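*Asks:* If you scroll down you'll find the structure; I have some questions about it.
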Amino acid sequence: MASKLTWKIWLLIIFLILSILSIFNFSAFFKHGVSISSVEPNSTAFSQGFKQDQIITAIDGQSIRSIEDYTSAMQGKFQSNQTEKSIFTIRGGEIIYFSDHLPEITVAGISKTKLKLGLDLVGGSRALIQAEGQQLSSSETSELVDITSNRLNEFGLTDLKVRQVSDLQGNNYMLVEIAGATPDNLKDLISQQGKFEAKIGNETVFVGGKDKDIASVCRGDPTCARIDSVQQSSDGGYVAQFSFGITLSPEAAARHAAITGNLSVNASNPQYLSEPLDLYLDDSLVESLLIGKDLKGRVTTQISVSGSGTGATQDEALKSAEEEMHKLQTILITGSLPYKLEIVKLDTISSLLGKDFIRTILLAGVIALLGASLVVLVRYRNIKSSLALILTSVSEILIILGIAALIEWNLDLPSIAGILATIGTGFDDQIVILDETSHEKFLSLKQRLKRAFAIILGAYFTALVSMFPLLWAGAGLLKGFAFTTIVGITAGVFITRPAFSDIVRKMLED
Amino acid sequence: MEKEKFKANLSKFHDKYYKALLLIPAILLLLSFVYLGVFYKQNGDFIHRDISLTGGTSVTINEPLDSANLTLALSDKLEGLSVRNIYDIFTNEKKALIVETKSDSDTTRVVLENYLGHELNEDNSSFEFTGSALSQSFFRQLLIAIILAFVFMAIVVFIIFRTLVPSAAVIISAFADIFMTLTVFNIFGMQMSTAGIVAFLMLIGYSVDTDILLTNRVLRRHEHSLNSRIYSAFKTGMTMTLTSLVAIAAALLLVRSFSPVLASILTILVIGLVFDIFNTWITNASIIKWYALKKHGQ
């Protein structure tokens, strides 16, 4: 082979090295440990400091190198129902864990790549939300996004993305994406307006929201937020009662005093006032609280809010009451959403088939690549051309993945379909180069390559412009396809195919 | 020498009949129009849409369930029910079941849980729900995207060749490609999904490649005769299309039983590429030859 590599080949080599640096997480090859892939919200583990993406390197001094190490370290621990202490060494610190049960975390090996895979491959949930019966403007949607992220964060969900998307017709949506495990009540959390009102008769005493009438809400403190009782109900199920305290703002407390001041004492039940305090959530009555007669006309900032949860067994009722309490607390803190919402698309994807999917797609890609290079081998009877062709296509895939890793693009199914499409056009272009260089021998090689690139550029621009509309159509759910295709064909035309034509030239000159 | 003789005969044949050859795509295109017209009249739409474009719920249950039993038991409970299995690509064992219905996701969940006798959660199933208004809007936008893509492509083609007839020939062949593929798609009784529409978008790019190659060789080169320029373009173009066809068909065989989404994209591409061969080397080639002969008298 000719001695010197051309600058075009060097450019390709540099891009390949950069791509590989961008894709792979080299530190993972040398460091040991397991990373925390999720922490259950509001769990003991969460409150004791476990966070997603922390890397556990040892437990009680025993080094952890793999998931198997973690599993065996956990075996036999926390089985006596008594509080135990465990020291988790994490990179950059340690967590001393006190509990009677295993930490509510899931762990995974440290990822060897920096690629981010989409929800449709790794599992998770995605919801597209619009206001019911009205079109929101861009600024209204962004306000909605702020309030919703605040609510979800208050609820303890941190590993999620809430953002605004719009489409070709100018519709605005709120998109909520959660990777990994999906909370049971996600649907309620994101779509419930959460308009909380406390009324006496027709008069509003206070409404939910820390910026409105609520000064503080008691949470996670058993002295003022707890399950009070569990009882069997007449239909055989169980009902659990919860209550928690809230502090009203001075204005709301004054309002409470003014309204109760006008009430009389209940004739049939003289302990209480004549009208109850009714709690409404989204216009439906949740609870009616009797007001003690001592509170008549008093300015009080302390109010106890109560409610209940039901279930077929005692445990289920307890769990449901806890969830209800948690939801109500969140709503009281964050206040009402400005609009009634509608979930127009909700996907909850299991992670189980994802691995098979990736394996199948990789295999399909390899088979497609081999099939195509076989056709080229038969046609040109030259193994070097076939090898160069495969090399170029693999380089293109590496560059696409490198750029995707660099800008943290989520590689979902449409993105992967786009990569396959790129390989296809890549082949077409390379065949044009091979044919143009092997014909018309009376022209200089340079002229022949120039001709090849006239065709390639024409094809490139038509493909490029035909992808643009897809970047916006359908709330951007298919933009992964357009993105990888555009990156792929652009890298192809400006980096890999010029290098390929130089490689072909070298082969011909030899 | 055999080869030279073949080329000469082909050349003679083509010189005599290339205008007549144009009748074939013209008739096919006309038949496609009639077929799609009748189809539209019968169905009120020019394609059968699947739930990704009409709205509804798609559930993947990760269990080797029997699709026929489930269909029998639930077809009156779930609206527009369609059920299919997906198989492992190596062992060909049933891997999971995909249930598609126009019912909403809560209804579907209750009906399926009652039938299966256990809860469906994220460890054993995936739920995808799309509201019907949103699906309608998706569908409209994807159509707009295709039309825009086609218009943009046409503009670029005009900019590249700067002459009416050759540019129009490229655009007509691309249009015929899409139109004929759509017709065959309907004849096969296939259902259009969002992924299917994306495949049509890909088809625009793929079909224009060979047309640009042909037009470029015919108009921009002046060595050799017109026929041998067309023939050399044909050789390159056929290698291009055949390579793509082999690659896509191989991938299709593999994913066919595993991913309905990828399978529908690949099937549409296979049909489209076959029509691309036809439209490039009959439709486009005849028009461009006619044009070149008229213009340069070669």
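Going through the structure tokens in order, the chains are called A, B, and so on, while each chain numbers its residues from 1 and the ligands are numbered from 1 in the order shown.
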What parts of segment 56-177 of chain B does DSSP call helix (DSSP H, G or I)? I'd like the answer as a ChimeraX atom specification.
*Replies:* /B:67-74,105-116,132-161,164-177
*Asks:* Could the residues in this selection be saved with C-alpha atoms as a PDB file, in the first residue's frame?
*Replies:*
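Saved as selection.pdb:
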```
ATOM      1  CA  SER B  67     -53.461 -15.917  20.555  1.00  0.00           C
ATOM      2  CA  ALA B  68     -56.455 -17.821  19.134  1.00  0.00           C
ATOM      3  CA  ASN B  69     -57.982 -18.600  22.550  1.00  0.00           C
ATOM      4  CA  LEU B  70     -57.554 -15.061  23.714  1.00  0.00           C
ATOM      5  CA  THR B  71     -59.140 -13.641  20.574  1.00  0.00           C
ATOM      6  CA  LEU B  72     -62.094 -16.002  20.932  1.00  0.00           C
ATOM      7  CA  ALA B  73     -62.665 -15.119  24.563  1.00  0.00           C
ATOM      8  CA  LEU B  74     -62.248 -11.371  24.363  1.00  0.00           C
ATOM      9  CA  SER B 105     -55.983   1.423  28.537  1.00  0.00           C
ATOM     10  CA  ASP B 106     -57.927   1.063  31.808  1.00  0.00           C
ATOM     11  CA  THR B 107     -60.689  -1.006  30.201  1.00  0.00           C
ATOM     12  CA  THR B 108     -58.153  -3.165  28.403  1.00  0.00           C
ATOM     13  CA  ARG B 109     -56.197  -3.747  31.583  1.00  0.00           C
ATOM     14  CA  VAL B 110     -59.286  -4.875  33.520  1.00  0.00           C
ATOM     15  CA  VAL B 111     -60.479  -7.199  30.740  1.00  0.00           C
ATOM     16  CA  LEU B 112     -57.046  -8.786  30.292  1.00  0.00           C
ATOM     17  CA  GLU B 113     -56.436  -9.174  34.026  1.00  0.00           C
ATOM     18  CA  ASN B 114     -59.798 -10.900  34.405  1.00  0.00           C
ATOM     19  CA  TYR B 115     -58.982 -13.245  31.544  1.00  0.00           C
ATOM     20  CA  LEU B 116     -55.470 -14.050  32.747  1.00  0.00           C
ATOM     21  CA  SER B 132     -57.958   9.088  19.307  1.00  0.00           C
ATOM     22  CA  ALA B 133     -57.752  12.874  18.913  1.00  0.00           C
ATOM     23  CA  LEU B 134     -53.976  12.734  19.254  1.00  0.00           C
ATOM     24  CA  SER B 135     -53.735   9.868  16.748  1.00  0.00           C
ATOM     25  CA  GLN B 136     -55.782  11.830  14.243  1.00  0.00           C
ATOM     26  CA  SER B 137     -53.465  14.767  14.709  1.00  0.00           C
ATOM     27  CA  PHE B 138     -50.368  12.527  14.382  1.00  0.00           C
ATOM     28  CA  PHE B 139     -51.734  11.082  11.191  1.00  0.00           C
ATOM     29  CA  ARG B 140     -52.454  14.494   9.704  1.00  0.00           C
ATOM     30  CA  GLN B 141     -48.989  15.737  10.636  1.00  0.00           C
ATOM     31  CA  LEU B 142     -47.208  12.710   9.241  1.00  0.00           C
ATOM     32  CA  LEU B 143     -49.090  13.231   5.976  1.00  0.00           C
ATOM     33  CA  ILE B 144     -47.999  16.872   6.019  1.00  0.00           C
ATOM     34  CA  ALA B 145     -44.446  15.699   6.735  1.00  0.00           C
ATOM     35  CA  ILE B 146     -44.524  13.380   3.705  1.00  0.00           C
ATOM     36  CA  ILE B 147     -45.954  16.058   1.441  1.00  0.00           C
ATOM     37  CA  LEU B 148     -43.409  18.622   2.668  1.00  0.00           C
ATOM     38  CA  ALA B 149     -40.579  16.111   2.290  1.00  0.00           C
ATOM     39  CA  PHE B 150     -41.702  15.409  -1.248  1.00  0.00           C
ATOM     40  CA  VAL B 151     -41.930  19.113  -2.103  1.00  0.00           C
ATOM     41  CA  PHE B 152     -38.505  19.829  -0.569  1.00  0.00           C
ATOM     42  CA  MET B 153     -37.038  16.911  -2.494  1.00  0.00           C
ATOM     43  CA  ALA B 154     -38.605  18.224  -5.707  1.00  0.00           C
ATOM     44  CA  ILE B 155     -37.128  21.690  -5.108  1.00  0.00           C
ATOM     45  CA  VAL B 156     -33.643  20.238  -4.547  1.00  0.00           C
ATOM     46  CA  VAL B 157     -33.954  18.168  -7.715  1.00  0.00           C
ATOM     47  CA  PHE B 158     -34.869  21.292  -9.680  1.00  0.00           C
ATOM     48  CA  ILE B 159     -31.919  23.155  -8.189  1.00  0.00           C
ATOM     49  CA  ILE B 160     -29.555  20.323  -9.132  1.00  0.00           C
ATOM     50  CA  PHE B 161     -30.644  19.882 -12.752  1.00  0.00           C
ATOM     51  CA  LEU B 164     -37.825  21.141 -16.430  1.00  0.00           C
ATOM     52  CA  VAL B 165     -38.182  17.773 -18.149  1.00  0.00           C
ATOM     53  CA  PRO B 166     -35.321  15.860 -16.465  1.00  0.00           C
ATOM     54  CA  SER B 167     -36.288  17.197 -13.035  1.00  0.00           C
ATOM     55  CA  ALA B 168     -39.923  16.369 -13.644  1.00  0.00           C
ATOM     56  CA  ALA B 169     -38.907  12.853 -14.731  1.00  0.00           C
ATOM     57  CA  VAL B 170     -37.134  12.269 -11.402  1.00  0.00           C
ATOM     58  CA  ILE B 171     -40.097  13.601  -9.464  1.00  0.00           C
ATOM     59  CA  ILE B 172     -42.636  11.593 -11.472  1.00  0.00           C
ATOM     60  CA  SER B 173     -40.700   8.371 -10.878  1.00  0.00           C
ATOM     61  CA  ALA B 174     -40.489   9.059  -7.147  1.00  0.00           C
ATOM     62  CA  PHE B 175     -44.202   9.782  -7.075  1.00  0.00           C
ATOM     63  CA  ALA B 176     -45.042   6.645  -9.067  1.00  0.00           C
ATOM     64  CA  ASP B 177     -42.891   4.672  -6.654  1.00  0.00           C
TER      65      ASP B 177
END
```
*Asks:* Within 7 Å of segment 81-85 of chain B, counting only C-alpha atoms, which residues show up once you throw out same-chain ones fewer than 6 positions away? Write them as number ranges by chain, please.
*Replies:* B: 67, 71, 75, 94, 96-101
*Asks:* Considering only C-alpha atoms, extract the chain A residues located within 8 Å of chain B and return them as a VMD selection string.
*Replies:* chain A and resid 168 to 169 181 to 182 343 to 353 360 to 361 364 to 365 367 to 373 375 to 376 379 417 421 424 to 425 427 to 428 431 to 432 435 455 458 to 459 461 to 463 465 to 470 473 to 475
*Asks:* What does the file look like for those residues with N, CA and C atoms, as a short mmCIF file (atom, residue, chain, number, x, y, z; two decimals), in the first residue's frame?
*Replies:*
```cif
data_model
loop_
_atom_site.label_atom_id
_atom_site.label_comp_id
_atom_site.auth_asym_id
_atom_site.auth_seq_id
_atom_site.Cartn_x
_atom_site.Cartn_y
_atom_site.Cartn_z
N LEU A 168 -46.07 20.13 14.56
CA LEU A 168 -46.21 20.87 13.29
C LEU A 168 -47.44 21.77 13.25
N GLN A 169 -48.51 21.37 13.95
CA GLN A 169 -49.73 22.16 13.91
C GLN A 169 -49.76 23.24 14.98
N ALA A 181 -38.55 2.00 36.97
CA ALA A 181 -39.81 1.64 37.60
C ALA A 181 -40.81 2.79 37.58
N THR A 182 -42.06 2.45 37.34
CA THR A 182 -43.11 3.45 37.27
C THR A 182 -43.93 3.42 38.55
N ILE A 343 -54.63 13.05 29.78
CA ILE A 343 -53.48 12.30 29.26
C ILE A 343 -53.85 11.81 27.87
N VAL A 344 -53.17 12.32 26.84
CA VAL A 344 -53.54 11.92 25.49
C VAL A 344 -52.71 10.74 25.01
N LYS A 345 -51.59 10.50 25.69
CA LYS A 345 -50.81 9.31 25.36
C LYS A 345 -50.09 8.84 26.60
N LEU A 346 -50.20 7.55 26.89
CA LEU A 346 -49.53 7.03 28.07
C LEU A 346 -48.90 5.68 27.72
N ASP A 347 -47.59 5.60 27.78
CA ASP A 347 -46.90 4.34 27.49
C ASP A 347 -46.15 3.89 28.73
N THR A 348 -46.40 2.66 29.13
CA THR A 348 -45.62 2.08 30.23
C THR A 348 -44.93 0.86 29.66
N ILE A 349 -43.62 0.95 29.49
CA ILE A 349 -42.91 -0.09 28.77
C ILE A 349 -42.12 -0.95 29.74
N SER A 350 -42.32 -2.25 29.67
CA SER A 350 -41.56 -3.17 30.50
C SER A 350 -40.15 -3.29 29.96
N SER A 351 -39.21 -3.48 30.87
CA SER A 351 -37.82 -3.53 30.41
C SER A 351 -37.45 -4.91 29.90
N LEU A 352 -38.37 -5.88 30.05
CA LEU A 352 -37.99 -7.27 29.77
C LEU A 352 -37.59 -7.55 28.33
N LEU A 353 -38.38 -7.02 27.38
CA LEU A 353 -38.09 -7.35 25.98
C LEU A 353 -36.96 -6.50 25.41
N THR A 360 -31.62 -8.43 18.79
CA THR A 360 -32.18 -8.69 17.47
C THR A 360 -31.77 -7.62 16.46
N ILE A 361 -31.84 -6.36 16.91
CA ILE A 361 -31.51 -5.27 15.99
C ILE A 361 -30.04 -5.33 15.59
N ALA A 364 -29.70 -8.08 13.16
CA ALA A 364 -30.27 -7.69 11.87
C ALA A 364 -29.30 -6.77 11.13
N GLY A 365 -28.68 -5.84 11.89
CA GLY A 365 -27.71 -4.93 11.28
C GLY A 365 -26.53 -5.68 10.70
N ILE A 367 -26.38 -8.86 9.78
CA ILE A 367 -26.79 -9.66 8.63
C ILE A 367 -26.98 -8.78 7.39
N ALA A 368 -27.60 -7.61 7.59
CA ALA A 368 -27.80 -6.69 6.47
C ALA A 368 -26.45 -6.27 5.89
N LEU A 369 -25.52 -5.98 6.78
CA LEU A 369 -24.18 -5.55 6.37
C LEU A 369 -23.48 -6.66 5.58
N LEU A 370 -23.56 -7.89 6.11
CA LEU A 370 -22.91 -9.02 5.43
C LEU A 370 -23.56 -9.28 4.08
N GLY A 371 -24.91 -9.24 4.04
CA GLY A 371 -25.63 -9.48 2.80
C GLY A 371 -25.20 -8.49 1.73
N ALA A 372 -25.15 -7.22 2.12
CA ALA A 372 -24.81 -6.18 1.16
C ALA A 372 -23.37 -6.33 0.69
N SER A 373 -22.46 -6.66 1.61
CA SER A 373 -21.07 -6.76 1.16
C SER A 373 -20.86 -8.00 0.29
N VAL A 375 -23.10 -9.01 -1.94
CA VAL A 375 -23.51 -8.56 -3.28
C VAL A 375 -22.35 -7.81 -3.94
N VAL A 376 -21.71 -6.94 -3.15
CA VAL A 376 -20.59 -6.17 -3.68
C VAL A 376 -19.43 -7.09 -4.08
N ARG A 379 -20.28 -8.76 -7.32
CA ARG A 379 -20.30 -7.83 -8.43
C ARG A 379 -18.89 -7.38 -8.82
N ALA A 417 -33.81 2.75 13.84
CA ALA A 417 -34.26 2.59 12.46
C ALA A 417 -33.52 3.58 11.55
N ALA A 421 -31.21 3.03 8.20
CA ALA A 421 -31.43 3.74 6.94
C ALA A 421 -30.13 4.36 6.43
N GLY A 424 -27.94 1.95 4.64
CA GLY A 424 -28.44 1.74 3.29
C GLY A 424 -27.96 2.80 2.32
N THR A 425 -28.11 4.08 2.67
CA THR A 425 -27.68 5.13 1.73
C THR A 425 -26.15 5.13 1.62
N PHE A 427 -24.19 2.54 1.57
CA PHE A 427 -23.85 1.55 0.55
C PHE A 427 -24.02 2.12 -0.85
N ASP A 428 -25.18 2.76 -1.05
CA ASP A 428 -25.47 3.30 -2.38
C ASP A 428 -24.35 4.23 -2.84
N ILE A 431 -21.07 2.45 -3.70
CA ILE A 431 -21.12 1.76 -4.99
C ILE A 431 -20.92 2.76 -6.12
N VAL A 432 -21.51 3.95 -5.98
CA VAL A 432 -21.29 5.00 -6.98
C VAL A 432 -19.79 5.29 -7.08
N ASP A 435 -17.93 2.42 -8.82
CA ASP A 435 -18.20 2.35 -10.25
C ASP A 435 -17.56 3.48 -11.02
N ILE A 455 -23.01 13.17 -7.89
CA ILE A 455 -24.19 12.33 -7.68
C ILE A 455 -24.49 12.19 -6.19
N GLY A 458 -26.00 15.28 -4.65
CA GLY A 458 -27.40 15.41 -5.06
C GLY A 458 -28.29 14.53 -4.20
N ALA A 459 -27.89 13.27 -4.06
CA ALA A 459 -28.68 12.33 -3.26
C ALA A 459 -28.72 12.78 -1.81
N PHE A 461 -28.52 15.88 -0.51
CA PHE A 461 -29.41 17.01 -0.22
C PHE A 461 -30.88 16.62 -0.32
N THR A 462 -31.23 15.74 -1.26
CA THR A 462 -32.64 15.34 -1.31
C THR A 462 -33.02 14.57 -0.04
N ALA A 463 -32.13 13.69 0.42
CA ALA A 463 -32.45 12.92 1.63
C ALA A 463 -32.52 13.85 2.84
N VAL A 465 -33.27 17.16 3.06
CA VAL A 465 -34.46 18.00 3.19
C VAL A 465 -35.71 17.17 3.45
N SER A 466 -35.72 15.91 2.98
CA SER A 466 -36.94 15.12 3.21
C SER A 466 -37.06 14.69 4.68
N MET A 467 -35.98 14.82 5.45
CA MET A 467 -36.05 14.45 6.87
C MET A 467 -36.50 15.60 7.77
N PHE A 468 -36.34 16.84 7.31
CA PHE A 468 -36.64 17.98 8.18
C PHE A 468 -38.05 17.99 8.77
N PRO A 469 -39.09 17.75 7.94
CA PRO A 469 -40.44 17.85 8.54
C PRO A 469 -40.64 16.89 9.72
N LEU A 470 -39.96 15.75 9.69
CA LEU A 470 -40.16 14.75 10.74
C LEU A 470 -39.62 15.21 12.09
N ALA A 473 -43.01 16.79 13.31
CA ALA A 473 -44.30 16.12 13.22
C ALA A 473 -44.53 15.23 14.43
N GLY A 474 -45.80 15.10 14.83
CA GLY A 474 -46.16 14.15 15.89
C GLY A 474 -45.48 14.40 17.21
N ALA A 475 -45.48 15.65 17.67
CA ALA A 475 -44.92 16.02 18.97
C ALA A 475 -43.48 15.54 19.13
#
```
*Asks:* Mind checking DSSP for segment 97-331 of chain A and telling me the strand (DSSP E) residues as a count of residues only?
*Replies:* 87
*Asks:* List as number ranges by chain the protein and nucleic acid residues near Asn150 of chain A, meaning an atom at most 8 Å away when only C-alpha atoms are counted, but skip any in the same chain fewer than 4 places from it.
*Replies:* A: 146, 154, 334
*Asks:* Please indicate the distance in Å from atom CA of Asn171 of chain A to atom CA of Gly194 of chain A, rounded to one decimal place.
*Replies:* 23.9 Å
*Asks:* Between A:Gly237, A:Pro270, A:Gly292, A:Gly245, which is the closest to Thr313 of chain A once you count only C-alpha atoms?
*Replies:* A:Gly237
*Asks:* Provide the atom CA of Asn186 of chain B to atom CA of Thr484 of chain A distance in Å, to one decimal place.
*Replies:* 29.5 Å
*Asks:* Taking into account only C-alpha atoms, which residue in the set A:Phe50, A:Phe453, A:Tyr280, A:Phe30 is nearest to Gly307 of chain A?
*Replies:*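 Closest candidate: A:Tyr280.
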*Asks:* Compile the contact shell of Lys195 of chain A as a short mmCIF file (atom, residue, chain, number, x, y, z; two decimals) with C-alpha atoms, in the first residue's frame: residues with an atom at most 10 Å away, counting only C-alpha atoms, same-chain residues fewer than 2 positions apart removed.
*Replies:*
```cif
data_model
loop_
_atom_site.label_atom_id
_atom_site.label_comp_id
_atom_site.auth_asym_id
_atom_site.auth_seq_id
_atom_site.Cartn_x
_atom_site.Cartn_y
_atom_site.Cartn_z
CA GLN A 192 -55.03 15.26 38.62
CA GLN A 193 -55.62 18.95 38.80
CA GLU A 197 -60.62 23.49 48.96
CA VAL A 207 -57.23 26.33 49.46
CA GLY A 208 -54.14 24.16 48.81
CA GLY A 209 -50.74 25.55 47.88
CA TYR A 280 -62.98 19.00 48.50
CA LEU A 281 -60.49 17.61 46.06
CA ASP A 282 -61.21 18.52 42.44
CA ASP A 283 -64.77 19.44 43.41
CA SER A 284 -65.62 16.16 45.07
CA ILE A 331 -51.24 18.54 46.65
CA LEU A 332 -51.54 20.76 49.73
CA GLY A 335 -51.34 23.66 45.10
CA SER A 336 -53.66 23.24 42.20
CA LEU A 337 -52.63 22.95 38.58
CA PRO A 338 -54.04 25.82 36.56
CA TYR A 339 -55.90 23.54 34.14
CA LYS A 340 -57.91 20.38 34.00
#
```
*Asks:* List the neighbours of Ser286 of chain B out to 7 Å using only C-alpha atoms; skip same-chain residues closer than 4 positions along the sequence, and give me the result as a PyMOL selection string.
*Replies:* chain B and resi 18-19+22+282+290
